[in-house]
Amino acid sequence: MLPMESWRAEFDERFPIYQQIVDRFCYSLVKGEITAGDRIPSIRDMALILKVNTNTIQRAYQEMERKNLIYSQRGTGYFVMEDQNMITEIKNEMVQNAAARFLDEMRALGFIDKQIIKELEQQLRGGTIDAANDNRGH
């Protein structure tokens, strides 16, 4: 069973639903929940599963086809592209986006890069961030 049923969680109203579907697809692909060659639900079935308009699913599938994530086979359905390089590219893009969001948030909190690195190293060693005793230079 493909993970689409678990995608029913509430959509974030700040972002287009079709883009959130594409993002969840990529996340599931990178995690290995969806694998190359898997058949994915039809547009109509996916709309029923996610309880969204078929036009939204159509747009998500068009975007995924444009990004070479999926392909359609006339009369058979939609399938996950069988390109490992594409999965690696998606994973790299997701890592870069997550790192950029993290850095933006830490900098907005007033941390300088040196302190961010120190805190990350401490977290990786199993410690906790000590914001009260940070060395931000303020």
# chains A, B, ... in the order shown; residues from 1 in each chain; ligands from 1
$ select_by_dssp --residues "chain A" --states "strand (DSSP E)" --output "PyMOL selection string"
chain A and resi 39-40+70-73+77-80
$ write_last_selection --atoms "C-alpha atoms" --output "CSV table (one decimal), in the first residue's frame"
chain,number,residue,atom,x,y,z
A,39,ARG,CA,1.8,2.6,-9.8
A,40,ILE,CA,0.2,5.5,-8.1
A,70,ILE,CA,6.1,10.3,-12.6
A,71,TYR,CA,5.0,9.3,-16.1
A,72,SER,CA,1.7,8.2,-17.5
A,73,GLN,CA,1.0,5.1,-19.5
A,77,GLY,CA,-2.1,4.7,-15.2
A,78,TYR,CA,0.6,6.7,-13.5
A,79,PHE,CA,3.9,5.3,-12.4
A,80,VAL,CA,6.9,6.5,-10.4
$ atom_distance --atom1 "atom CA of Met81 of chain A" --atom2 "atom CA of Asn97 of chain A"
22.6 Å
$ residues_around --residues "segment 16-22 of chain A" --least-positions-apart "4" --cutoff "12 Å" --atoms "only C-alpha atoms" --output "NGL selection string"
:A and (3-12 or 26-29 or 46-47 or 49-70 or 90)
$ select_by_dssp --residues "chain A" --states "helix (DSSP H, G or I)" --output "MDAnalysis selection string"
chainID A and resid 3:8 17:31 43:50 54:66 84:108 113:124 131:133
